[in-house]
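Here is upload-v3.cif, consisting of mmCIF, C-alpha atoms:
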```cif
data_data
#
loop_
_atom_site.group_PDB
_atom_site.id
_atom_site.type_symbol
_atom_site.label_atom_id
_atom_site.label_comp_id
_atom_site.auth_asym_id
_atom_site.auth_seq_id
_atom_site.Cartn_x
_atom_site.Cartn_y
_atom_site.Cartn_z
ATOM 1 C CA MET A 47 90.183 130.574 83.131
ATOM 2 C CA SER A 48 88.757 131.200 79.671
ATOM 3 C CA LEU A 49 86.972 128.457 77.779
ATOM 4 C CA SER A 50 87.250 130.153 74.322
ATOM 5 C CA SER A 51 85.726 127.139 72.549
ATOM 6 C CA VAL A 52 84.265 123.843 73.672
ATOM 7 C CA GLU A 53 83.833 122.164 70.328
ATOM 8 C CA ALA A 54 85.964 119.196 71.456
ATOM 9 C CA ALA A 55 84.790 118.990 75.080
ATOM 10 C CA PRO A 56 82.536 115.903 74.735
ATOM 11 C CA ALA A 57 85.604 113.878 73.614
ATOM 12 C CA LEU A 58 87.188 114.297 77.042
ATOM 13 C CA PRO A 59 86.800 111.598 79.742
ATOM 14 C CA ALA A 60 83.709 112.098 81.898
ATOM 15 C CA ALA A 61 85.725 112.912 85.035
ATOM 16 C CA GLU A 62 87.595 115.679 83.219
ATOM 17 C CA ARG A 63 84.362 117.063 81.836
ATOM 18 C CA VAL A 64 82.809 117.187 85.307
ATOM 19 C CA GLU A 65 85.912 118.926 86.675
ATOM 20 C CA ARG A 66 85.804 121.453 83.842
ATOM 21 C CA ILE A 67 82.133 122.217 84.467
ATOM 22 C CA ARG A 68 82.600 122.538 88.232
ATOM 23 C CA ALA A 69 85.454 124.991 87.759
ATOM 24 C CA ALA A 70 83.398 127.044 85.307
ATOM 25 C CA ALA A 71 80.437 127.060 87.724
ATOM 26 C CA TYR A 72 82.654 128.357 90.516
ATOM 27 C CA HIS A 73 83.953 131.202 88.376
ATOM 28 C CA ILE A 74 80.455 132.021 87.099
ATOM 29 C CA ARG A 75 79.228 132.323 90.696
ATOM 30 C CA HIS A 76 82.221 134.464 91.619
ATOM 31 C CA HIS A 77 81.647 136.768 88.629
ATOM 32 C CA ALA A 78 77.947 137.060 89.524
ATOM 33 C CA LEU A 79 78.744 138.177 93.068
ATOM 34 C CA ASN A 80 81.187 140.778 91.777
ATOM 35 C CA MET A 81 78.581 142.118 89.351
ATOM 36 C CA GLY A 82 75.883 142.155 91.997
ATOM 37 C CA GLU A 83 78.084 144.244 94.259
ATOM 38 C CA VAL A 84 78.258 146.928 91.549
ATOM 39 C CA GLN A 85 74.525 147.591 92.026
ATOM 40 C CA GLY A 86 74.186 146.331 95.590
ATOM 41 C CA GLN A 87 71.198 144.250 94.573
ATOM 42 C CA GLY A 88 69.710 142.227 91.768
ATOM 43 C CA TYR A 89 68.922 138.729 90.590
ATOM 44 C CA VAL A 90 71.990 137.298 92.254
ATOM 45 C CA GLY A 91 70.112 134.334 93.710
ATOM 46 C CA GLN A 92 69.033 133.127 90.272
ATOM 47 C CA ALA A 93 72.570 133.466 88.902
ATOM 48 C CA LEU A 94 73.979 131.386 91.748
ATOM 49 C CA GLY A 95 71.235 128.789 91.482
ATOM 50 C CA ALA A 96 71.592 128.382 87.720
ATOM 51 C CA ALA A 97 75.405 128.595 87.557
ATOM 52 C CA ASP A 98 75.807 124.844 87.108
ATOM 53 C CA MET A 99 73.342 124.919 84.203
ATOM 54 C CA PHE A 100 75.192 127.782 82.498
ATOM 55 C CA ALA A 101 78.505 126.021 83.116
ATOM 56 C CA ALA A 102 77.320 122.723 81.646
ATOM 57 C CA VAL A 103 76.243 124.534 78.487
ATOM 58 C CA TYR A 104 79.281 126.742 77.950
ATOM 59 C CA ALA A 105 81.994 124.477 79.361
ATOM 60 C CA ASP A 106 80.801 121.268 77.756
ATOM 61 C CA GLN A 107 77.974 121.494 75.245
ATOM 62 C CA LEU A 108 77.906 124.659 73.197
ATOM 63 C CA SER A 109 79.863 124.913 69.969
ATOM 64 C CA TYR A 110 81.046 128.522 69.595
ATOM 65 C CA GLN A 111 83.989 130.731 68.721
ATOM 66 C CA ALA A 112 84.753 133.329 71.380
ATOM 67 C CA GLU A 113 86.411 135.695 68.928
ATOM 68 C CA ASN A 114 83.493 135.444 66.494
ATOM 69 C CA PRO A 115 80.143 135.377 68.359
ATOM 70 C CA HIS A 116 78.230 135.465 65.053
ATOM 71 C CA TRP A 117 80.003 132.414 63.612
ATOM 72 C CA GLU A 118 77.404 130.738 61.417
ATOM 73 C CA GLY A 119 78.285 127.233 62.626
ATOM 74 C CA ARG A 120 77.642 128.011 66.297
ATOM 75 C CA ASP A 121 75.018 126.427 68.496
ATOM 76 C CA ARG A 122 72.460 128.985 69.659
ATOM 77 C CA PHE A 123 71.878 129.543 73.378
ATOM 78 C CA LEU A 124 68.719 131.535 74.033
ATOM 79 C CA LEU A 125 68.158 133.126 77.450
ATOM 80 C CA SER A 126 64.402 133.488 77.639
ATOM 81 C CA THR A 127 64.530 134.641 81.277
ATOM 82 C CA GLY A 128 66.056 138.064 80.639
ATOM 83 C CA HIS A 129 66.460 138.833 84.333
ATOM 84 C CA TYR A 130 68.942 135.949 84.598
ATOM 85 C CA ALA A 131 71.304 138.018 82.433
ATOM 86 C CA ILE A 132 73.722 138.486 85.339
ATOM 87 C CA GLY A 133 74.372 134.730 85.261
ATOM 88 C CA HIS A 134 74.578 134.652 81.481
ATOM 89 C CA TYR A 135 77.096 137.528 81.416
ATOM 90 C CA ALA A 136 79.212 135.626 83.922
ATOM 91 C CA ALA A 137 79.131 132.593 81.622
ATOM 92 C CA LEU A 138 79.977 134.730 78.577
ATOM 93 C CA ALA A 139 82.960 136.159 80.458
ATOM 94 C CA GLU A 140 84.115 132.697 81.465
ATOM 95 C CA ALA A 141 83.773 131.666 77.829
ATOM 96 C CA GLY A 142 85.963 134.564 76.690
ATOM 97 C CA ILE A 143 83.177 136.214 74.698
ATOM 98 C CA VAL A 144 82.902 139.207 77.061
ATOM 99 C CA PRO A 145 86.029 140.576 78.791
ATOM 100 C CA VAL A 146 86.033 139.830 82.509
ATOM 101 C CA ALA A 147 86.990 143.456 83.223
ATOM 102 C CA GLU A 148 83.785 144.608 81.516
ATOM 103 C CA LEU A 149 81.665 142.888 84.169
ATOM 104 C CA GLU A 150 82.395 145.883 86.409
ATOM 105 C CA THR A 151 80.052 147.945 84.196
ATOM 106 C CA TYR A 152 77.046 145.679 84.877
ATOM 107 C CA GLY A 153 73.805 147.663 84.934
ATOM 108 C CA SER A 154 75.583 151.006 84.540
ATOM 109 C CA ASP A 155 74.780 153.741 82.030
ATOM 110 C CA ASP A 156 76.007 152.947 78.498
ATOM 111 C CA SER A 157 77.089 149.448 79.538
ATOM 112 C CA ARG A 158 76.856 146.540 77.115
ATOM 113 C CA LEU A 159 75.606 144.530 80.108
ATOM 114 C CA PRO A 160 72.142 145.835 81.070
ATOM 115 C CA MET A 161 70.292 144.236 83.957
ATOM 116 C CA SER A 162 67.938 142.451 81.558
ATOM 117 C CA GLY A 163 69.461 140.640 78.593
ATOM 118 C CA MET A 164 69.296 142.482 75.261
ATOM 119 C CA SER A 165 70.776 141.088 72.073
ATOM 120 C CA THR A 166 71.407 144.529 70.593
ATOM 121 C CA TYR A 167 73.942 145.310 73.334
ATOM 122 C CA THR A 168 75.810 142.173 74.331
ATOM 123 C CA PRO A 169 78.085 139.899 72.262
ATOM 124 C CA GLY A 170 76.859 136.319 72.434
ATOM 125 C CA MET A 171 73.339 137.274 73.543
ATOM 126 C CA GLU A 172 71.071 135.743 70.898
ATOM 127 C CA ILE A 173 67.724 137.258 71.946
ATOM 128 C CA SER A 174 66.359 140.010 74.165
ATOM 129 C CA GLY A 175 64.560 138.684 77.229
ATOM 130 C CA GLY A 176 61.992 140.448 79.342
ATOM 131 C CA SER A 177 58.344 139.527 79.353
ATOM 132 C CA LEU A 178 58.469 135.790 79.879
ATOM 133 C CA GLY A 179 57.111 133.166 77.520
ATOM 134 C CA HIS A 180 58.837 134.245 74.311
ATOM 135 C CA GLY A 181 62.081 132.286 74.329
ATOM 136 C CA LEU A 182 60.808 128.843 73.401
ATOM 137 C CA THR A 183 58.710 130.296 70.582
ATOM 138 C CA ILE A 184 61.776 132.002 69.112
ATOM 139 C CA ALA A 185 63.793 128.818 69.658
ATOM 140 C CA VAL A 186 61.298 126.822 67.584
ATOM 141 C CA GLY A 187 61.660 129.305 64.733
ATOM 142 C CA MET A 188 65.456 129.218 64.933
ATOM 143 C CA ALA A 189 65.520 125.415 64.995
ATOM 144 C CA LEU A 190 63.250 125.288 61.957
ATOM 145 C CA GLY A 191 65.428 127.801 60.120
ATOM 146 C CA LEU A 192 68.656 125.952 60.893
ATOM 147 C CA ARG A 193 67.166 122.683 59.697
ATOM 148 C CA ALA A 194 65.971 124.327 56.474
ATOM 149 C CA GLN A 195 69.545 125.516 55.903
ATOM 150 C CA GLY A 196 70.911 122.030 56.399
ATOM 151 C CA SER A 197 72.805 123.174 59.501
ATOM 152 C CA ALA A 198 73.909 120.730 62.206
ATOM 153 C CA SER A 199 73.744 123.489 64.839
ATOM 154 C CA ARG A 200 71.505 123.054 67.856
ATOM 155 C CA VAL A 201 69.311 125.503 69.740
ATOM 156 C CA ILE A 202 69.400 125.397 73.550
ATOM 157 C CA ASN A 203 66.683 127.457 75.225
ATOM 158 C CA PHE A 204 66.954 128.378 78.923
ATOM 159 C CA LEU A 205 63.604 129.068 80.581
ATOM 160 C CA SER A 206 62.163 129.007 84.084
ATOM 161 C CA ASP A 207 59.428 127.203 85.972
ATOM 162 C CA GLY A 208 57.547 130.491 86.328
ATOM 163 C CA GLU A 209 57.589 130.701 82.544
ATOM 164 C CA LEU A 210 55.559 127.515 82.409
ATOM 165 C CA ASP A 211 52.617 129.700 83.503
ATOM 166 C CA GLU A 212 52.583 131.190 80.002
ATOM 167 C CA GLY A 213 50.382 129.650 77.332
ATOM 168 C CA SER A 214 52.840 130.610 74.605
ATOM 169 C CA THR A 215 55.389 128.247 76.140
ATOM 170 C CA TRP A 216 53.078 125.274 75.682
ATOM 171 C CA GLU A 217 52.075 126.358 72.174
ATOM 172 C CA ALA A 218 55.781 126.364 71.302
ATOM 173 C CA ALA A 219 56.241 122.968 72.971
ATOM 174 C CA MET A 220 53.437 121.550 70.875
ATOM 175 C CA GLY A 221 54.853 123.119 67.704
ATOM 176 C CA ALA A 222 58.350 121.765 68.365
ATOM 177 C CA HIS A 223 57.002 118.227 68.587
ATOM 178 C CA HIS A 224 54.841 118.653 65.498
ATOM 179 C CA HIS A 225 57.834 119.799 63.469
ATOM 180 C CA GLN A 226 60.053 117.021 64.891
ATOM 181 C CA LEU A 227 62.750 119.429 66.047
ATOM 182 C CA GLY A 228 65.422 117.057 67.254
ATOM 183 C CA ASN A 229 67.882 119.975 67.125
ATOM 184 C CA LEU A 230 66.101 121.771 69.995
ATOM 185 C CA ILE A 231 66.882 121.361 73.699
ATOM 186 C CA ALA A 232 65.021 123.218 76.450
ATOM 187 C CA MET A 233 66.475 123.649 79.942
ATOM 188 C CA VAL A 234 63.967 124.626 82.627
ATOM 189 C CA ASP A 235 65.261 126.114 85.879
ATOM 190 C CA ILE A 236 62.861 124.820 88.525
ATOM 191 C CA ASN A 237 63.753 126.895 91.587
ATOM 192 C CA ALA A 238 60.151 127.020 92.897
ATOM 193 C CA LEU A 239 60.208 130.832 93.087
ATOM 194 C CA GLN A 240 58.873 133.692 91.019
ATOM 195 C CA ALA A 241 58.216 137.400 91.519
ATOM 196 C CA ASP A 242 54.813 136.916 93.138
ATOM 197 C CA GLY A 243 55.901 134.142 95.496
ATOM 198 C CA ALA A 244 56.378 130.407 95.536
ATOM 199 C CA THR A 245 55.639 128.939 92.117
ATOM 200 C CA ASN A 246 53.140 126.392 93.424
ATOM 201 C CA THR A 247 51.090 129.149 95.084
ATOM 202 C CA VAL A 248 50.965 131.362 91.976
ATOM 203 C CA LEU A 249 49.956 128.664 89.498
ATOM 204 C CA ARG A 250 50.510 124.957 90.059
ATOM 205 C CA THR A 251 52.378 123.503 87.081
ATOM 206 C CA GLU A 252 53.235 120.100 88.509
ATOM 207 C CA PRO A 253 53.494 117.393 87.399
ATOM 208 C CA VAL A 254 55.814 119.029 84.870
ATOM 209 C CA THR A 255 57.604 115.827 83.839
ATOM 210 C CA GLU A 256 54.379 114.207 82.736
ATOM 211 C CA LYS A 257 53.251 117.403 81.001
ATOM 212 C CA TRP A 258 56.370 117.633 78.828
ATOM 213 C CA GLU A 259 56.198 113.917 78.062
ATOM 214 C CA SER A 260 52.572 114.266 77.009
ATOM 215 C CA PHE A 261 53.629 117.000 74.570
ATOM 216 C CA GLY A 262 55.963 114.497 72.918
ATOM 217 C CA TRP A 263 59.326 115.706 74.267
ATOM 218 C CA TYR A 264 62.189 113.477 75.373
ATOM 219 C CA THR A 265 62.058 114.451 79.046
ATOM 220 C CA GLN A 266 64.553 114.142 81.895
ATOM 221 C CA ARG A 267 64.399 115.639 85.390
ATOM 222 C CA VAL A 268 67.650 116.089 87.298
ATOM 223 C CA ASP A 269 69.259 117.944 90.169
ATOM 224 C CA GLY A 270 70.285 121.124 88.363
ATOM 225 C CA ASN A 271 73.038 121.744 90.913
ATOM 226 C CA ASP A 272 74.652 118.361 90.249
ATOM 227 C CA VAL A 273 77.028 118.793 87.317
ATOM 228 C CA GLY A 274 77.379 115.034 86.891
ATOM 229 C CA ALA A 275 73.614 114.700 86.495
ATOM 230 C CA LEU A 276 73.510 117.543 83.988
ATOM 231 C CA LEU A 277 76.328 115.985 82.004
ATOM 232 C CA ALA A 278 74.571 112.615 81.972
ATOM 233 C CA ALA A 279 71.335 114.245 80.786
ATOM 234 C CA PHE A 280 73.070 115.840 77.808
ATOM 235 C CA ASP A 281 74.853 112.573 77.023
ATOM 236 C CA ASN A 282 71.521 110.750 77.103
ATOM 237 C CA ILE A 283 70.133 113.183 74.543
ATOM 238 C CA ALA A 284 73.138 112.605 72.289
ATOM 239 C CA SER A 285 72.861 108.826 72.572
ATOM 240 C CA VAL A 286 69.137 108.500 71.863
ATOM 241 C CA SER A 287 68.426 107.222 68.369
ATOM 242 C CA ASP A 288 65.061 108.789 67.644
ATOM 243 C CA PRO A 289 63.714 108.547 64.086
ATOM 244 C CA VAL A 290 60.811 110.784 65.068
ATOM 245 C CA GLY A 291 63.216 113.638 65.873
ATOM 246 C CA ARG A 292 61.734 114.589 69.228
ATOM 247 C CA PRO A 293 62.825 117.820 70.919
ATOM 248 C CA SER A 294 64.414 117.333 74.350
ATOM 249 C CA VAL A 295 63.875 119.015 77.696
ATOM 250 C CA ILE A 296 65.999 118.861 80.840
ATOM 251 C CA LEU A 297 64.017 119.857 83.931
ATOM 252 C CA CYS A 298 66.534 121.162 86.480
ATOM 253 C CA ASP A 299 65.657 121.414 90.164
ATOM 254 C CA THR A 300 67.875 124.153 91.613
ATOM 255 C CA LYS A 301 68.250 126.148 94.813
ATOM 256 C CA VAL A 302 68.223 129.947 94.712
ATOM 257 C CA GLY A 303 71.544 131.274 96.020
ATOM 258 C CA ARG A 304 73.257 127.881 95.700
ATOM 259 C CA GLY A 305 76.857 127.910 96.905
ATOM 260 C CA VAL A 306 76.425 130.821 99.320
ATOM 261 C CA PRO A 307 74.679 129.705 102.544
ATOM 262 C CA LEU A 308 73.980 133.303 103.575
ATOM 263 C CA LEU A 309 71.822 133.777 100.476
ATOM 264 C CA GLU A 310 70.356 130.267 100.293
ATOM 265 C CA THR A 311 68.310 131.063 103.399
ATOM 266 C CA ARG A 312 67.067 134.516 102.348
ATOM 267 C CA GLU A 313 63.284 134.725 102.507
ATOM 268 C CA LYS A 314 63.038 137.511 99.896
ATOM 269 C CA ALA A 315 65.217 135.947 97.260
ATOM 270 C CA HIS A 316 63.684 136.823 93.884
ATOM 271 C CA PHE A 317 65.355 140.254 93.778
ATOM 272 C CA MET A 318 67.926 140.503 96.543
ATOM 273 C CA ARG A 319 69.227 143.508 98.396
ATOM 274 C CA ILE A 320 72.605 142.568 99.870
ATOM 275 C CA GLU A 321 74.252 144.845 102.423
ATOM 276 C CA GLU A 322 77.679 146.328 101.768
ATOM 277 C CA ASN A 323 79.355 144.269 104.482
ATOM 278 C CA GLU A 324 77.831 141.011 103.224
ATOM 279 C CA TRP A 325 79.438 140.766 99.782
ATOM 280 C CA GLN A 326 82.802 139.602 101.068
ATOM 281 C CA ILE A 327 81.070 137.136 103.367
ATOM 282 C CA CYS A 328 79.325 135.731 100.297
ATOM 283 C CA ARG A 329 82.614 135.401 98.416
ATOM 284 C CA ASP A 330 84.296 133.752 101.373
ATOM 285 C CA GLN A 331 81.467 131.229 101.742
ATOM 286 C CA LEU A 332 81.566 130.471 98.023
ATOM 287 C CA THR A 333 85.325 129.883 98.091
ATOM 288 C CA ALA A 334 85.058 127.708 101.200
ATOM 289 C CA GLY A 335 82.457 125.533 99.513
ATOM 290 C CA TYR A 336 84.775 124.840 96.575
ATOM 291 C CA GLU A 337 88.004 124.648 98.567
ATOM 292 C CA GLY A 338 90.234 121.834 97.389
ATOM 293 C CA THR A 339 88.097 121.084 94.320
ATOM 294 C CA VAL A 340 88.777 123.963 91.908
ATOM 295 C CA SER A 341 91.439 126.569 91.342
ATOM 296 C CA ALA A 342 90.409 130.052 92.401
#
```
Now that the file is in, can you turn its structure into structure tokens?
Amino acid sequence: MSLSSVEAAPALPAAERVERIRAAAYHIRHHALNMGEVQGQGYVGQALGAADMFAAVYADQLSYQAENPHWEGRDRFLLSTGHYAIGHYAALAEAGIVPVAELETYGSDDSRLPMSGMSTYTPGMEISGGSLGHGLTIAVGMALGLRAQGSASRVINFLSDGELDEGSTWEAAMGAHHHQLGNLIAMVDINALQADGATNTVLRTEPVTEKWESFGWYTQRVDGNDVGALLAAFDNIASVSDPVGRPSVILCDTKVGRGVPLLETREKAHFMRIEENEWQICRDQLTAGYEGTVSA
């Protein structure tokens, strides 16, 4: 399945849109497992947990042209969390921007798909991610620039709950509201985990809903592994008539390793080492979970 362009997706009936997103999420998860097996380890858990978020963006929301990643009229998707690149590559492959066969080179020497996202290497990768806390700042600048050009394009910035530890994120949030950037949407993956442990033990950021609201953003919190809820959140943003031009944020509660029970229960899940004999088990569990609902 290749999406190639989703410019007309919102015109489809809701049930068809949900089906389209679910199918894309399945394939994104499958691609992520195949890439992870190339290295035997990596940020597979994040890719699985965020697959529904990536699918909602690329299968339903983002305006793009697969054959022309630099098309001026495109919406911009910014992956601030560079280590989630494995999930983003899977989405780019499902969208037809990166050849599926190229996923086999993930993390290898001279590959266009390094383990951390870099815009200089990968088609469709808008920014280089790494040290967290930069994505939303860049997104604010892009949204300002697009508005100055009279463009109708939107900027969608993917960031994580661990990234909410960074002061630069909140400076950008404040700036986005000040500049009334109604063309900016942030998606926050709240998986309650970061490199140093559980998010609430590293630095408590809750209550995040109230924080974003207090910064003037149109705020929604949903189950990030429920494609219907994600779809409804985007539709709510589109339907809000807001003369102030508030930026929007969708706070997405997700589960690391979602869709693969073997990995959902892993204690050390931030950077996973998966044994050689476990990869096929993971694929089998993923397929079983989607059996009868999507085409493999």
Legend entry - Counting only C-alpha atoms, the residue of A:Ala102, A:Leu190, A:Leu205, A:Leu79 that sits nearest His225 in chain A: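 Result for the nearest residue to His225 in chain A: A:Leu190.
Compared by their closest atoms to Arg329 in chain A, and using all atoms listed in the file, the residues A:Gly191, A:Gly181, A:Pro307, A:Gly291 rank with A:Pro307 nearest.
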Legend entry - Nearest-residue call for Ser260 in chain A, choices A:Ala112, A:Ala219, A:Ala61, A:Val201, using all atoms listed in the file: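 Ranked by minimum distance to Ser260 in chain A, first place goes to A:Ala219.
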Inset, instruction - Give the answer as one residue: which of A:Ala57, A:Ala284, A:Leu249, A:Ile132 has the shortest atom-to-atom distance to Pro160 in chain A, using only C-alpha atoms? - result: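 Ranked by minimum distance to Pro160 in chain A, first place goes to A:Ile132.
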Inset, instruction - Please evaluate the PyMOL selection byres ((chain A and resi 98) around 7) against the structure above and give the resulting residues as a PyMOL selection string. - result: chain A and resi 71+96-97+99-102+270-271+273
Expand the PyMOL selection byres ((chain A and resi 118-123) around 9) into the explicit residue set it covers here, and present it as a PDB file with C-alpha atoms, keeping the file's coordinate frame.
```pdb
ATOM      1  CA  VAL A 103      76.243 124.534  78.487  1.00  0.00           C
ATOM      2  CA  GLN A 107      77.974 121.494  75.245  1.00  0.00           C
ATOM      3  CA  LEU A 108      77.906 124.659  73.197  1.00  0.00           C
ATOM      4  CA  SER A 109      79.863 124.913  69.969  1.00  0.00           C
ATOM      5  CA  TYR A 110      81.046 128.522  69.595  1.00  0.00           C
ATOM      6  CA  GLN A 111      83.989 130.731  68.721  1.00  0.00           C
ATOM      7  CA  PRO A 115      80.143 135.377  68.359  1.00  0.00           C
ATOM      8  CA  HIS A 116      78.230 135.465  65.053  1.00  0.00           C
ATOM      9  CA  TRP A 117      80.003 132.414  63.612  1.00  0.00           C
ATOM     10  CA  LEU A 124      68.719 131.535  74.033  1.00  0.00           C
ATOM     11  CA  LEU A 125      68.158 133.126  77.450  1.00  0.00           C
ATOM     12  CA  GLY A 170      76.859 136.319  72.434  1.00  0.00           C
ATOM     13  CA  MET A 171      73.339 137.274  73.543  1.00  0.00           C
ATOM     14  CA  GLU A 172      71.071 135.743  70.898  1.00  0.00           C
ATOM     15  CA  ILE A 173      67.724 137.258  71.946  1.00  0.00           C
ATOM     16  CA  ALA A 185      63.793 128.818  69.658  1.00  0.00           C
ATOM     17  CA  MET A 188      65.456 129.218  64.933  1.00  0.00           C
ATOM     18  CA  SER A 197      72.805 123.174  59.501  1.00  0.00           C
ATOM     19  CA  ALA A 198      73.909 120.730  62.206  1.00  0.00           C
ATOM     20  CA  SER A 199      73.744 123.489  64.839  1.00  0.00           C
ATOM     21  CA  ARG A 200      71.505 123.054  67.856  1.00  0.00           C
ATOM     22  CA  VAL A 201      69.311 125.503  69.740  1.00  0.00           C
ATOM     23  CA  ILE A 202      69.400 125.397  73.550  1.00  0.00           C
ATOM     24  CA  ASN A 203      66.683 127.457  75.225  1.00  0.00           C
ATOM     25  CA  PHE A 204      66.954 128.378  78.923  1.00  0.00           C
TER      26      PHE A 204
END
```
I need the residue set behind the PyMOL selection byres ((chain A and resi 274) around 12) for this file; please write it as a PDB file with C-alpha atoms, keeping the file's coordinate frame.
```pdb
ATOM      1  CA  ALA A  60      83.709 112.098  81.898  1.00  0.00           C
ATOM      2  CA  ALA A  61      85.725 112.912  85.035  1.00  0.00           C
ATOM      3  CA  GLU A  62      87.595 115.679  83.219  1.00  0.00           C
ATOM      4  CA  ARG A  63      84.362 117.063  81.836  1.00  0.00           C
ATOM      5  CA  VAL A  64      82.809 117.187  85.307  1.00  0.00           C
ATOM      6  CA  GLU A  65      85.912 118.926  86.675  1.00  0.00           C
ATOM      7  CA  ARG A  66      85.804 121.453  83.842  1.00  0.00           C
ATOM      8  CA  ILE A  67      82.133 122.217  84.467  1.00  0.00           C
ATOM      9  CA  ARG A  68      82.600 122.538  88.232  1.00  0.00           C
ATOM     10  CA  ASP A  98      75.807 124.844  87.108  1.00  0.00           C
ATOM     11  CA  MET A  99      73.342 124.919  84.203  1.00  0.00           C
ATOM     12  CA  ALA A 101      78.505 126.021  83.116  1.00  0.00           C
ATOM     13  CA  ALA A 102      77.320 122.723  81.646  1.00  0.00           C
ATOM     14  CA  ASP A 106      80.801 121.268  77.756  1.00  0.00           C
ATOM     15  CA  VAL A 268      67.650 116.089  87.298  1.00  0.00           C
ATOM     16  CA  ASP A 269      69.259 117.944  90.169  1.00  0.00           C
ATOM     17  CA  GLY A 270      70.285 121.124  88.363  1.00  0.00           C
ATOM     18  CA  ASN A 271      73.038 121.744  90.913  1.00  0.00           C
ATOM     19  CA  ASP A 272      74.652 118.361  90.249  1.00  0.00           C
ATOM     20  CA  VAL A 273      77.028 118.793  87.317  1.00  0.00           C
ATOM     21  CA  ALA A 275      73.614 114.700  86.495  1.00  0.00           C
ATOM     22  CA  LEU A 276      73.510 117.543  83.988  1.00  0.00           C
ATOM     23  CA  LEU A 277      76.328 115.985  82.004  1.00  0.00           C
ATOM     24  CA  ALA A 278      74.571 112.615  81.972  1.00  0.00           C
ATOM     25  CA  ALA A 279      71.335 114.245  80.786  1.00  0.00           C
ATOM     26  CA  PHE A 280      73.070 115.840  77.808  1.00  0.00           C
ATOM     27  CA  ASP A 281      74.853 112.573  77.023  1.00  0.00           C
TER      28      ASP A 281
END
```
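Each of A:Asp207, A:Ile296, A:Trp263, A:Arg193 was checked against Met233 in chain A using only C-alpha atoms; the smallest atom-to-atom distance is that of A:Ile296.
CA of Leu178 in chain A is found 26.1 Å from CA of Asn80 in chain A.
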